[in-house]
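Structure below is protein.cif: mmCIF, C-alpha atoms.
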data_upload
loop_
_atom_site.label_atom_id
_atom_site.label_comp_id
_atom_site.auth_asym_id
_atom_site.auth_seq_id
_atom_site.Cartn_x
_atom_site.Cartn_y
_atom_site.Cartn_z
CA MET Y 21 -6.40 -7.05 38.88
CA SER Y 22 -9.01 -7.29 41.63
CA ASN Y 23 -11.42 -4.92 39.84
CA LYS Y 24 -11.65 -7.08 36.71
CA LYS Y 25 -14.87 -5.49 35.42
CA THR Y 26 -13.07 -2.17 34.99
CA ILE Y 27 -10.27 -3.67 32.93
CA THR Y 28 -10.54 -3.50 29.15
CA VAL Y 29 -8.82 -6.06 26.96
CA ALA Y 30 -8.47 -5.70 23.20
CA VAL Y 31 -8.32 -9.08 21.46
CA ALA Y 32 -6.56 -9.50 18.13
CA MET Y 33 -9.33 -11.26 16.19
CA SER Y 34 -8.00 -13.23 13.22
CA GLY Y 35 -11.29 -14.91 12.38
CA GLY Y 36 -10.08 -18.27 13.66
CA VAL Y 37 -11.14 -20.42 16.58
CA ASP Y 38 -8.15 -19.55 18.77
CA SER Y 39 -8.71 -15.79 18.95
CA SER Y 40 -12.47 -16.39 19.22
CA VAL Y 41 -12.06 -18.55 22.31
CA ALA Y 42 -9.52 -16.11 23.75
CA ALA Y 43 -12.18 -13.38 23.59
CA LEU Y 44 -14.81 -15.70 25.09
CA LEU Y 45 -12.62 -16.70 28.03
CA LEU Y 46 -11.82 -13.10 28.86
CA LEU Y 47 -15.51 -12.22 28.78
CA GLN Y 48 -16.26 -15.09 31.12
CA LYS Y 49 -13.68 -13.73 33.55
CA GLY Y 50 -15.45 -10.38 33.67
CA PHE Y 51 -13.24 -8.23 31.48
CA ASN Y 52 -14.53 -5.59 29.10
CA VAL Y 53 -13.57 -7.04 25.72
CA ILE Y 54 -13.26 -5.43 22.31
CA GLY Y 55 -12.26 -7.15 19.09
CA LEU Y 56 -9.62 -5.75 16.74
CA THR Y 57 -9.02 -7.18 13.29
CA MET Y 58 -6.11 -6.06 11.16
CA GLN Y 59 -6.36 -5.57 7.42
CA LEU Y 60 -2.90 -6.51 6.23
CA VAL Y 61 -2.89 -7.72 2.64
CA PRO Y 62 -2.64 -5.20 -0.23
CA CYS Y 63 -5.83 -3.93 -1.82
CA GLY Y 64 -7.01 -6.39 -4.45
CA ALA Y 65 -5.77 -9.40 -2.49
CA GLU Y 66 -8.57 -9.44 0.11
CA LYS Y 67 -9.76 -12.86 -0.99
CA VAL Y 68 -6.83 -14.67 0.62
CA SER Y 69 -8.08 -17.34 2.99
CA GLY Y 70 -5.70 -16.80 5.92
CA CYS Y 71 -5.84 -14.33 8.79
CA CYS Y 72 -5.27 -11.34 6.50
CA GLY Y 73 -8.17 -11.43 4.07
CA LEU Y 74 -11.78 -10.34 3.85
CA ALA Y 75 -13.00 -13.76 4.99
CA ALA Y 76 -11.08 -13.30 8.26
CA VAL Y 77 -12.67 -9.89 8.81
CA ASN Y 78 -16.16 -11.29 8.22
CA SER Y 79 -15.53 -14.28 10.46
CA ALA Y 80 -14.23 -12.12 13.30
CA GLN Y 81 -17.22 -9.82 12.94
CA LYS Y 82 -19.63 -12.75 13.32
CA VAL Y 83 -17.84 -13.91 16.48
CA CYS Y 84 -18.00 -10.44 17.99
CA GLN Y 85 -21.73 -10.26 17.21
CA LYS Y 86 -22.21 -13.64 18.87
CA LEU Y 87 -20.30 -12.46 21.96
CA ASN Y 88 -21.98 -9.03 21.87
CA ILE Y 89 -18.69 -7.13 21.94
CA PRO Y 90 -17.59 -4.19 19.76
CA HIS Y 91 -15.46 -4.97 16.72
CA TYR Y 92 -13.11 -2.64 14.89
CA VAL Y 93 -11.13 -3.18 11.69
CA LEU Y 94 -7.72 -1.50 11.47
CA ASN Y 95 -6.02 -0.76 8.16
CA PHE Y 96 -2.40 -1.80 8.59
CA ARG Y 97 -1.78 -2.55 4.90
CA GLN Y 98 0.99 -0.01 4.41
CA PRO Y 99 3.13 -0.94 7.44
CA PHE Y 100 2.58 -4.65 6.75
CA GLN Y 101 3.82 -4.18 3.19
CA LYS Y 102 6.89 -2.26 4.37
CA LYS Y 103 7.79 -4.31 7.44
CA VAL Y 104 6.80 -7.83 6.42
CA ILE Y 105 6.26 -8.31 2.68
CA ASP Y 106 9.17 -6.13 1.55
CA TYR Y 107 11.41 -7.83 4.12
CA PHE Y 108 10.22 -11.23 2.85
CA CYS Y 109 11.28 -10.31 -0.68
CA ARG Y 110 14.63 -8.79 0.34
CA GLU Y 111 15.65 -11.85 2.31
CA TYR Y 112 14.98 -14.28 -0.52
CA GLN Y 113 16.74 -11.96 -2.96
CA ALA Y 114 19.77 -12.06 -0.66
CA GLY Y 115 19.81 -15.87 -0.59
CA ARG Y 116 18.36 -16.12 2.92
CA THR Y 117 15.16 -17.78 4.13
CA PRO Y 118 12.94 -15.33 6.05
CA ASN Y 119 10.51 -15.97 8.89
CA PRO Y 120 7.65 -13.50 8.30
CA CYS Y 121 5.64 -14.63 11.35
CA VAL Y 122 8.46 -13.54 13.69
CA VAL Y 123 8.69 -10.15 11.99
CA CYS Y 124 4.92 -9.69 11.98
CA ASN Y 125 4.78 -10.36 15.71
CA GLN Y 126 7.69 -8.02 16.35
CA CYS Y 127 6.65 -5.10 14.14
CA ILE Y 128 2.90 -5.39 13.67
CA LYS Y 129 1.01 -7.37 16.36
CA PHE Y 130 3.03 -6.49 19.44
CA ASP Y 131 4.21 -3.08 18.36
CA LEU Y 132 1.75 -1.29 16.09
CA LEU Y 133 -1.38 -3.15 17.22
CA LEU Y 134 -0.41 -3.04 20.90
CA ARG Y 135 0.16 0.71 20.71
CA ARG Y 136 -3.15 1.22 18.90
CA ALA Y 137 -4.98 -0.87 21.50
CA ARG Y 138 -3.50 1.25 24.28
CA GLU Y 139 -4.42 4.44 22.43
CA ILE Y 140 -8.10 3.47 22.31
CA GLY Y 141 -8.17 2.78 26.04
CA ALA Y 142 -7.38 -0.93 26.35
CA ASP Y 143 -5.41 -1.99 29.40
CA PHE Y 144 -4.18 -5.18 27.72
CA LEU Y 145 -3.85 -6.79 24.29
CA ALA Y 146 -4.72 -10.48 24.09
CA THR Y 147 -4.06 -12.93 21.25
CA GLY Y 148 -4.80 -16.57 20.56
CA HIS Y 149 -1.16 -17.64 20.78
CA TYR Y 150 -0.35 -20.85 22.64
CA ALA Y 151 2.20 -19.39 25.04
CA ARG Y 152 2.30 -18.13 28.62
CA VAL Y 153 3.24 -14.88 30.32
CA ALA Y 154 3.86 -14.72 34.05
CA CYS Y 155 4.93 -11.97 36.42
CA LYS Y 156 7.86 -12.98 38.61
CA LEU Y 157 8.72 -9.71 40.28
CA PRO Y 158 10.38 -7.58 39.19
CA LYS Y 159 10.30 -9.21 35.72
CA PHE Y 160 7.85 -10.83 33.32
CA THR Y 161 8.59 -14.24 31.84
CA LEU Y 162 7.57 -15.81 28.54
CA SER Y 163 7.11 -19.58 28.45
CA LYS Y 164 5.94 -22.39 26.21
CA GLY Y 165 2.23 -23.16 26.00
CA LYS Y 166 0.82 -26.28 27.65
CA ASP Y 167 0.02 -27.92 24.31
CA LYS Y 168 3.40 -29.14 23.06
CA ASN Y 169 2.05 -29.63 19.55
CA LYS Y 170 0.74 -26.07 19.34
CA ASP Y 171 3.27 -24.12 21.41
CA GLN Y 172 4.04 -20.85 19.57
CA SER Y 173 6.64 -19.36 21.90
CA TYR Y 174 9.27 -19.76 19.16
CA PHE Y 175 7.61 -16.93 17.20
CA LEU Y 176 7.47 -14.62 20.22
CA TYR Y 177 11.11 -14.39 21.33
CA CYS Y 178 11.33 -10.73 20.24
CA LEU Y 179 8.94 -9.62 23.01
CA ASN Y 180 10.40 -7.34 25.69
CA GLN Y 181 9.50 -6.40 29.25
CA GLU Y 182 7.63 -3.24 28.27
CA GLN Y 183 5.40 -5.24 25.91
CA LEU Y 184 4.88 -8.26 28.16
CA LYS Y 185 3.31 -6.16 30.92
CA TYR Y 186 0.40 -5.41 28.56
CA ILE Y 187 -0.01 -8.84 26.89
CA LEU Y 188 -2.35 -11.71 27.72
CA PHE Y 189 -2.35 -15.23 26.24
CA PRO Y 190 -5.63 -16.78 27.45
CA LEU Y 191 -4.95 -20.11 25.68
CA GLY Y 192 -1.56 -20.76 27.26
CA ASP Y 193 -2.85 -23.39 29.68
CA LEU Y 194 -5.15 -25.10 27.15
CA THR Y 195 -4.74 -27.65 24.39
CA LYS Y 196 -6.09 -27.16 20.89
CA LYS Y 197 -8.61 -29.94 21.53
CA GLN Y 198 -9.91 -28.12 24.60
CA VAL Y 199 -10.18 -24.87 22.63
CA ARG Y 200 -12.29 -26.59 19.96
CA GLN Y 201 -14.51 -28.11 22.63
CA ILE Y 202 -15.08 -24.73 24.29
CA ALA Y 203 -15.98 -23.17 20.95
CA LYS Y 204 -18.44 -25.96 20.10
CA LYS Y 205 -20.07 -25.83 23.52
CA VAL Y 206 -21.08 -22.18 23.17
CA GLY Y 207 -21.75 -22.36 19.43
CA LEU Y 208 -19.04 -20.04 18.18
CA PRO Y 209 -19.22 -19.76 14.36
CA THR Y 210 -15.48 -20.50 14.15
CA ALA Y 211 -15.65 -23.78 16.11
CA GLU Y 212 -15.11 -25.92 13.00
CA ARG Y 213 -13.09 -23.47 10.95
CA PRO Y 214 -10.03 -25.28 9.52
CA GLU Y 215 -6.60 -24.16 10.59
CA SER Y 216 -4.44 -22.29 8.12
CA GLN Y 217 -0.90 -23.66 7.79
CA GLU Y 218 0.31 -21.29 5.09
CA ILE Y 219 2.01 -17.92 5.25
CA CYS Y 220 -1.00 -15.65 5.62
CA PHE Y 221 -0.28 -13.51 2.54
CA ILE Y 222 0.53 -16.56 0.38
CA PRO Y 223 -2.66 -18.64 0.65
CA ASP Y 224 -1.67 -21.23 -1.97
CA ASN Y 225 1.69 -21.75 -0.21
CA ASP Y 226 3.54 -21.16 -3.48
CA TYR Y 227 6.14 -18.66 -2.34
CA ARG Y 228 8.04 -18.86 -5.65
CA LYS Y 229 4.98 -17.66 -7.56
CA PHE Y 230 4.55 -14.87 -5.02
CA LEU Y 231 8.17 -13.81 -5.43
CA ARG Y 232 7.89 -13.73 -9.23
CA LYS Y 233 4.77 -11.55 -9.01
CA ASN Y 234 5.76 -9.20 -6.20
CA CYS Y 235 9.52 -9.00 -5.83
CA GLY Y 236 10.90 -7.57 -9.05
CA ARG Y 237 13.58 -9.32 -11.12
CA ILE Y 238 14.68 -12.32 -9.10
CA ASN Y 239 15.24 -14.95 -11.77
CA LYS Y 240 18.88 -14.21 -12.55
CA LEU Y 241 20.28 -17.54 -13.72
CA GLY Y 242 23.49 -18.89 -12.26
CA PRO Y 243 25.56 -22.02 -11.71
CA ILE Y 244 24.84 -24.96 -9.43
CA LEU Y 245 28.19 -26.14 -8.08
CA ASN Y 246 29.26 -29.28 -6.27
CA GLU Y 247 31.49 -29.07 -3.21
CA SER Y 248 34.58 -29.21 -5.45
CA GLY Y 249 33.43 -26.12 -7.34
CA GLN Y 250 32.48 -27.95 -10.53
CA VAL Y 251 29.38 -26.78 -12.41
CA VAL Y 252 26.71 -29.49 -12.29
CA GLY Y 253 23.67 -27.49 -13.36
CA GLN Y 254 21.98 -24.12 -13.64
CA HIS Y 255 19.66 -22.52 -11.10
CA GLN Y 256 16.70 -20.27 -11.89
CA GLY Y 257 17.55 -17.57 -9.34
CA ILE Y 258 18.88 -17.92 -5.79
CA ALA Y 259 15.58 -16.65 -4.34
CA PHE Y 260 13.93 -19.93 -5.33
CA TYR Y 261 16.19 -22.14 -3.20
CA THR Y 262 16.72 -22.81 0.49
CA ILE Y 263 19.17 -24.80 2.58
CA GLY Y 264 18.29 -28.50 2.69
CA GLN Y 265 16.24 -28.41 -0.51
CA ARG Y 266 16.37 -31.59 -2.58
CA LYS Y 267 13.51 -31.37 -5.07
CA GLY Y 268 13.43 -29.02 -8.02
CA LEU Y 269 17.19 -28.77 -8.55
CA GLY Y 270 17.00 -30.09 -12.10
CA ILE Y 271 20.16 -32.14 -11.76
CA ALA Y 272 20.79 -35.86 -11.54
CA GLY Y 273 23.38 -37.68 -9.49
CA ARG Y 274 24.21 -41.17 -8.35
CA LYS Y 275 23.09 -40.12 -4.86
CA PRO Y 276 20.53 -37.52 -3.76
CA LEU Y 277 21.86 -33.97 -3.76
CA TYR Y 278 20.81 -31.19 -1.38
CA VAL Y 279 21.34 -27.43 -1.28
CA LEU Y 280 24.20 -26.93 1.20
CA LYS Y 281 24.91 -23.25 0.67
CA ILE Y 282 23.66 -20.22 -1.23
CA ASP Y 283 26.44 -17.87 -2.35
CA LYS Y 284 24.93 -14.44 -3.06
CA LYS Y 285 28.22 -12.87 -4.21
CA LYS Y 286 28.84 -15.56 -6.82
CA ASN Y 287 25.12 -16.01 -7.57
CA ALA Y 288 25.72 -19.72 -7.06
CA ILE Y 289 24.01 -22.67 -5.40
CA ILE Y 290 26.29 -25.28 -3.79
CA VAL Y 291 24.97 -28.84 -3.54
CA GLY Y 292 26.21 -32.04 -1.97
CA ALA Y 293 25.35 -35.16 0.01
CA GLU Y 294 22.95 -34.95 2.94
CA LYS Y 295 25.74 -35.38 5.49
CA GLY Y 296 26.94 -31.90 4.49
CA LEU Y 297 23.77 -30.42 5.99
CA TYR Y 298 24.75 -31.31 9.56
CA GLN Y 299 26.64 -28.71 11.56
CA LYS Y 300 27.21 -27.97 15.24
CA GLU Y 301 27.81 -24.22 15.15
CA LEU Y 302 26.16 -21.08 13.91
CA ILE Y 303 26.50 -17.32 14.27
CA VAL Y 304 23.49 -15.32 15.45
CA LYS Y 305 22.77 -11.57 15.25
CA ASN Y 306 19.96 -9.17 16.21
CA LEU Y 307 19.60 -10.85 19.58
CA ASN Y 308 16.72 -10.07 21.91
CA TRP Y 309 16.74 -11.23 25.53
CA VAL Y 310 13.25 -11.34 27.02
CA GLN Y 311 14.52 -10.29 30.46
CA GLY Y 312 16.05 -7.18 28.91
CA GLU Y 313 19.65 -8.03 29.66
CA MET Y 314 22.20 -10.45 28.31
CA PRO Y 315 22.58 -13.59 30.44
CA LYS Y 316 25.96 -14.53 31.85
CA LEU Y 317 28.16 -16.16 29.21
CA PRO Y 318 28.86 -18.83 28.30
CA LEU Y 319 25.16 -19.65 28.45
CA LYS Y 320 24.07 -23.25 28.81
CA ALA Y 321 20.57 -23.69 27.40
CA THR Y 322 18.51 -25.51 24.82
CA ALA Y 323 17.62 -24.05 21.45
CA LYS Y 324 15.47 -24.53 18.35
CA ILE Y 325 16.54 -23.45 14.87
CA ARG Y 326 13.03 -23.89 13.46
CA TYR Y 327 9.49 -24.04 14.80
CA ARG Y 328 8.76 -27.74 14.31
CA GLN Y 329 11.77 -29.05 16.18
CA LEU Y 330 12.64 -30.35 19.62
CA ALA Y 331 14.98 -28.05 21.54
CA SER Y 332 18.56 -29.32 21.66
CA ALA Y 333 21.36 -28.60 24.16
CA VAL Y 334 23.51 -25.62 23.22
CA SER Y 335 26.21 -23.34 24.60
CA VAL Y 336 26.29 -19.66 23.65
CA TYR Y 337 29.48 -17.59 23.47
CA SER Y 338 30.33 -14.02 22.57
CA GLU Y 339 31.49 -13.70 18.96
CA SER Y 340 31.72 -9.95 18.35
CA LYS Y 341 30.00 -6.75 19.47
CA ASN Y 342 26.63 -7.59 17.94
CA LYS Y 343 26.91 -11.34 17.31
CA MET Y 344 27.14 -14.58 19.27
CA ARG Y 345 28.20 -18.12 18.51
CA ALA Y 346 25.91 -21.02 19.39
CA ARG Y 347 27.49 -24.47 19.66
CA PHE Y 348 25.22 -27.52 19.79
CA ILE Y 349 26.21 -30.81 21.39
CA LYS Y 350 24.54 -32.71 18.55
CA PRO Y 351 24.85 -31.63 14.89
CA GLN Y 352 21.78 -29.83 13.57
CA ARG Y 353 20.34 -30.45 10.12
CA ALA Y 354 20.04 -27.59 7.62
CA ILE Y 355 21.00 -24.56 9.71
CA THR Y 356 19.48 -21.83 7.55
CA PRO Y 357 20.57 -18.17 7.37
CA GLY Y 358 17.62 -15.83 7.85
CA GLN Y 359 15.75 -18.17 10.17
CA SER Y 360 15.57 -17.68 13.93
CA ILE Y 361 17.30 -19.53 16.73
CA VAL Y 362 15.41 -19.38 20.04
CA PHE Y 363 16.97 -20.18 23.41
CA TYR Y 364 15.12 -21.85 26.29
CA ARG Y 365 15.72 -22.77 29.89
CA GLY Y 366 13.20 -25.52 30.51
CA ASN Y 367 9.91 -24.04 29.30
CA GLU Y 368 11.03 -20.43 29.63
CA VAL Y 369 12.01 -18.43 26.55
CA LEU Y 370 15.31 -16.68 27.20
CA GLY Y 371 15.52 -14.94 23.84
CA GLY Y 372 16.77 -15.45 20.33
CA GLY Y 373 18.09 -13.93 17.15
CA ILE Y 374 18.62 -14.30 13.42
CA ILE Y 375 20.94 -16.98 12.06
CA VAL Y 376 23.79 -15.52 10.01
#

Rewrite the structure from the file as C-alpha cells, please.
Amino acid sequence: MSNKKTITVAVAMSGGVDSSVAALLLLQKGFNVIGLTMQLVPCGAEKVSGCCGLAAVNSAQKVCQKLNIPHYVLNFRQPFQKKVIDYFCREYQAGRTPNPCVVCNQCIKFDLLLRRAREIGADFLATGHYARVACKLPKFTLSKGKDKNKDQSYFLYCLNQEQLKYILFPLGDLTKKQVRQIAKKVGLPTAERPESQEICFIPDNDYRKFLRKNCGRINKLGPILNESGQVVGQHQGIAFYTIGQRKGLGIAGRKPLYVLKIDKKKNAIIVGAEKGLYQKELIVKNLNWVQGEMPKLPLKATAKIRYRQLASAVSVYSESKNKMRARFIKPQRAITPGQSIVFYRGNEVLGGGIIV
C-alpha cells in the first residue's frame, strides 16, 4: 500500500455521518474514492428515513459533491427483497426472531456490493462500521471497534478471509464523538444528521404492522399456555411475539408473565415467570469462523447473544455434524432462536452462528 494514490476505494455511502467521515478520511490519506449508495427498499417505499430511502440517496449525493468524488446509485431492490425482507418474514412466521442486519451484511453489503465494487475497478470496499480489520500473516483478523458503545463487530461475524482482504473500516479506531467532530470541522452536510436506531426498512419501528402488510396471512390465532400446559389466553399469531416479551400478551396474572417459548408445531405461546427466561445452554447452527477453520474444541471464549450485551464466558462443544452446543458459566436471559451468538477472544471476533 505504498502507492496509495493509485489505490481506489469504494465507500458504501448510507447518507449518514459515519460513512461520510469514512470517505473523508480515505481522501485525506490519498486514496481515490468513489461513493456507492444502494437502493434497497421496494419501489413506492422510498420515503423511509433510514439508510435505504430516497433521503439517504440525496444525503449521500450532497456529501460526495462536497468531497468532489463520483457518486453512483445501485439498484439492489430485488436481491434485498429476496435475501433480507423475505427472510425477515419467514423467520417470524416460523416463531423465530430474525436479525436482518446480519443477513444484510452477509448477503448484500459484503457480498453483492463488494463484488460490484470490484467489478467497477475498486481495490477495496470501505464502510462506516465501528470495527477493525488487521492483517496478521497469513490471516486477516476482525476485531471490536475502539468505541465500546458503538462497536458493530457483532453484526460482522459472517465475514470470511476472502472478503476481509478487500474491506476497510476507517472508523475502527475512532469514537462516535470524534467522528461528529471531524464532520463538523470540515462542514459535512451530515455532521448533525440524527442516528437511525430502527430496522432500515421499518422506519416507524413497528415490525408487527410491517408483517401484517408484507408477509401474507400471519394472524392465525392460537392458545397461550402456562408451563403446566393450561390455556391462559389467546395469541394473535406467533409472528407477533418474541422470547422475553412481557407487554401485549393480553393476560393477567398475580405475577408478571413473560414469553418463554414459541411452539410453531402447536401454534402456541408458552408463558411463565421471569426466572424461566434464564438458561445456560443453547444450540447453534450455520457457524462461520472468521479464520476459515473451526477452532480446537472445546473452545473457551466469551460470547454475546445480542448486540447490546456484554460478552460472557462460554465453552463451545460439538453437538452434531452442523451444530454446536454453547454452555455459559452464568445463565443468560432470553436466549432467542433466530438471533445470532458471536464468539470472541478478547477483542477479536472468532465467529458465530444462528441460535436454534

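Going from atom CA of Y:Val153 to atom CA of Y:Gly192 covers 8.2 Å.
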
**Request:** For stretch 358-365 of chain Y, list every protein, DNA or RNA residue within 6 Å, evaluated using all atoms listed in the file, and leave out those in the same chain fewer than 5 positions away; present the list as a ChimeraX atom specification.
**Result:** /Y:116-119,321-325,370-375

**Fill in**
Judged by all atoms listed in the file, the minimum distance to Y:Tyr112 among Y:Gly264, Y:Gly292, Y:Gly366, Y:Gly236 is found for Y:Gly236

**Prompt:** What separation in Å, quoted to one decimal, exists between atom CA of Y:Ala43 and atom CA of Y:Gln181?
**Reply:** 23.5 Å

Take the PyMOL selection byres ((chain Y and resi 197-205) around 9), run it mentally on this structure, and tell me the resulting residues as a short mmCIF file (atom, residue, chain, number, x, y, z; two decimals) with C-alpha atoms, in the frame of the given file.
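Output contents, as saved in part_6.cif:
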data_model
loop_
_atom_site.label_atom_id
_atom_site.label_comp_id
_atom_site.auth_asym_id
_atom_site.auth_seq_id
_atom_site.Cartn_x
_atom_site.Cartn_y
_atom_site.Cartn_z
CA VAL Y 37 -11.14 -20.42 16.58
CA ASP Y 38 -8.15 -19.55 18.77
CA SER Y 40 -12.47 -16.39 19.22
CA VAL Y 41 -12.06 -18.55 22.31
CA ALA Y 42 -9.52 -16.11 23.75
CA LEU Y 44 -14.81 -15.70 25.09
CA LEU Y 191 -4.95 -20.11 25.68
CA LEU Y 194 -5.15 -25.10 27.15
CA THR Y 195 -4.74 -27.65 24.39
CA LYS Y 196 -6.09 -27.16 20.89
CA VAL Y 206 -21.08 -22.18 23.17
CA GLY Y 207 -21.75 -22.36 19.43
CA LEU Y 208 -19.04 -20.04 18.18
CA PRO Y 209 -19.22 -19.76 14.36
CA THR Y 210 -15.48 -20.50 14.15
CA ALA Y 211 -15.65 -23.78 16.11
CA GLU Y 212 -15.11 -25.92 13.00
#

**Asked** Smallest atom-to-atom distance to Y:Ile140: which of Y:Lys343, Y:Asn234, Y:Tyr92, Y:Ala293, using all atoms listed in the file?
**Response** Y:Tyr92

**Message:** Taking the file as I've supplied it (selection: the PyMOL selection byres ((chain Y and resi 46) around 10)), which residues are included? Please answer as a list in words.
**Reply:** Lys24, Thr28, Val29, Ala30, Val31, Val41, Ala42, Ala43, Leu44, Leu45, Leu47, Gln48, Lys49, Gly50, Phe51, Asn52, Val53, Ala146, Leu188 and Pro190 of chain Y

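If you look at atom CA of Y:Pro99 and atom CA of Y:Met33, they are 18.4 Å away from each other.
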
**Prompt:** Hey, what comes out of the PyMOL selection byres ((chain Y and resi 145) around 10) on this file? Could you write it as a list in words?
**Reply:** Thr28, Val29, Ala30, Val31, Ala32, Val53, Ile54, Gly55, Leu56, Lys129, Phe130, Leu133, Leu134, Arg135, Arg136, Ala137, Arg138, Ala142, Asp143, Phe144, Ala146, Thr147, Gln183, Leu184, Lys185, Tyr186, Ile187, Leu188 and Phe189 of chain Y

**Message:** Could you list, as a VMD selection string, every residue within 9 Å of Y:Leu269, counting all atoms listed in the file and ignoring same-chain residues fewer than 4 positions away?
**Reply:** chain Y and resid 244 253 to 255 261 265 277 to 279

For stretch 224-259 of chain Y versus stretch 100-105 of chain Y, which residues have an atom no more than 12 Å away, and what is each residue's nearest atom pair and distance in Å rounded to one decimal, using all atoms listed in the file, chain-then-number order, as CSV?
residue,atom,partner,partner_atom,distance
Y:Tyr227,CA,Y:Ile105,CA,11.5
Y:Phe230,CA,Y:Ile105,CA,10.3
Y:Leu231,CA,Y:Ile105,CA,10.0
Y:Asn234,CA,Y:Ile105,CA,8.9
Y:Cys235,CA,Y:Ile105,CA,9.1

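Here the question is which of Y:Arg353, Y:Lys300, Y:Lys275, Y:Arg237 gets nearest to Y:Arg110 using all atoms listed in the file, and that residue is Y:Arg237.
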
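Of the residues listed (Y:Lys350, Y:Cys178, Y:Ser34, Y:Phe160), Y:Ser34 shows the shortest atom-to-atom separation from Y:Gly148; distances use only C-alpha atoms.
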
**Request:** Do a neighbour search on Y:Gln299 at 12 Å with all atoms listed in the file, toss out local chain neighbours closer than 3 positions, and write the hits as a PyMOL selection string.
**Result:** chain Y and resi 280+294-296+302-303+325+346-356

**Asked** Near Y:Pro243, within 9 Å and counting all atoms listed in the file, which residues show up once chain neighbours fewer than 3 positions away are dropped, as a VMD selection string?
**Response** chain Y and resid 251 to 255 286 to 290

Neighbours of Y:Lys229 within 12 Å (only C-alpha atoms; same-chain residues fewer than 5 positions away dropped), as a compact mmCIF listing (two decimals) with C-alpha atoms, in the coordinates of the input?
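File out-v8.txt, as written:
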# COMPACT_ATOMS: atom_id res chain seq x y z
CA CYS Y 109 11.28 -10.31 -0.68
CA ILE Y 222 0.53 -16.56 0.38
CA PRO Y 223 -2.66 -18.64 0.65
CA ASP Y 224 -1.67 -21.23 -1.97
CA ASN Y 234 5.76 -9.20 -6.20
CA CYS Y 235 9.52 -9.00 -5.83
CA GLY Y 236 10.90 -7.57 -9.05
CA ILE Y 238 14.68 -12.32 -9.10
CA ASN Y 239 15.24 -14.95 -11.77
CA ALA Y 259 15.58 -16.65 -4.34
CA PHE Y 260 13.93 -19.93 -5.33

Produce a table with one row for each residue of stretch 247-325 of chain Y that has an atom at most 12 Å from any atom of stretch 161-169 of chain Y, each row naming the nearest atom pair and its distance in Å at one decimal; use only C-alpha atoms; arrange rows by chain and rising residue number; format as JSON lines.
{"residue": "Y:Trp309", "atom": "CA", "partner": "Y:Leu162", "partner_atom": "CA", "distance": 10.7}
{"residue": "Y:Val310", "atom": "CA", "partner": "Y:Thr161", "partner_atom": "CA", "distance": 7.3}
{"residue": "Y:Gln311", "atom": "CA", "partner": "Y:Thr161", "partner_atom": "CA", "distance": 7.3}
{"residue": "Y:Gly312", "atom": "CA", "partner": "Y:Thr161", "partner_atom": "CA", "distance": 10.7}

**Request:** Find the residue from Y:Pro158, Y:Arg152, Y:Asp226, Y:Ser248 that sits nearest to Y:Gln172; use all atoms listed in the file when measuring.
**Result:** Y:Arg152

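The nearest approach to Y:Glu215 among the residues Y:Lys170, Y:Lys159, Y:Arg232, Y:Arg345, with all atoms listed in the file taken into account, belongs to Y:Lys170.
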